[in-house]
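Chemist: Here it is, the structure, as structure tokens.
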Amino acid sequence: MSVRVDVRNTSTFSTAAQVIMSQLNQAGFDASVQLHDPGVWWSLGSEAEGDQWQDLELMLNRFSSLPDPYYATQWFVPEQIGVWNWERFDNSRFAELHEKAVQESDEEERDRMYREMQDIMEESGAYRFITHETNPVMYRDFIEPALRPDGIPLYHRFETS
């Protein structure tokens, strides 16, 4: 059985894809890697860009995030299918938790919800979390940040106290 791994053409992702391809070959698959420049890559899963999304077999992708986990989960709700949800992941419990977690103010409960959402994603078989790059966040207790509702910082509006 053959399988193609699609990945962005960067040294980090192409190296990881080569390792994955090697492991798949050792497991008996005829695996290959298809590298894509960023402009092509970011259109592969979009239904608005054509039918190429129907040919995707295995993708190596990554998402960065802001400190609030909402930013990372919003792309995997049913409304994002064919837009950013390239895997066509559709889980009603995930969507329910996503809506509730956005409104939850108790940090421990929000943490529980987002961990359950990650488990749902992994258990679906559509995702395997390999690693996640760091996204450092620093703060000072004398700086009052300004954020958009989605958590993106508005640095020019930061104030000192």
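For the structure tokens, the naming scheme is as follows: chains receive sequential letters (A, B, ...) according to their order of presentation, residues are indexed from 1 within each chain, and ligands are indexed from 1 in presentation order.
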Find the residues around A:Ala16 up to 12 Å (only C-alpha atoms counted), leave out those fewer than 2 positions away in its own chain, and share them as a ChimeraX atom specification.
Modeler: /A:5-14,18-23,33,35,59-62,130-131
Chemist: As a ChimeraX atom specification, please: every residue in chain A that a backbone DSSP assignment puts in alpha helix (DSSP H).
Modeler: /A:11-26,38-41,70-73,92-103,107-123
Chemist: Skipping near chain neighbours, those fewer than 5 positions away, what residues fall within 6 Å of stretch 78-85 of chain A using only C-alpha atoms, listed as a count of residues only?
Modeler: 3
Chemist: What gap, in Å, lies between atom CA of A:Pro67 and atom CA of A:Leu44?
Modeler: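 For atom CA of A:Pro67 relative to atom CA of A:Leu44, the distance reads 27.5 Å.
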Chemist: Nearest to A:Pro136: which of A:Ser64, A:Leu24, A:Gln52, A:Trp41 is it, counting only C-alpha atoms?
Modeler: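 Closest residue, counting only C-alpha atoms: A:Ser64.
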Chemist: Once DSSP has gone over the backbone, tell me which residues of chain A are in strand (DSSP E), as a list in words.
Modeler: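 Output for chain A, strand (DSSP E) only: Ser2, Val3, Arg4, Val5, Asp6, Val7, Arg8, Asp30, Ala31, Ser32, Val33, Gln34, Leu35, His36, Leu58, Met59, Leu60, Ile143, Glu144, Glu159 and Thr160 of chain A.
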Chemist: Any idea what's packed within 12 Å of A:Leu147, counting only C-alpha atoms, ignoring anything in its chain fewer than 4 positions away? Could you give it as a list in words?
Modeler: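 Counting only the stated atoms, we get Leu66, Pro67, Asp68, Gly151, Ile152, Pro153, Leu154, Tyr155, His156, Arg157, Phe158 and Glu159 of chain A.
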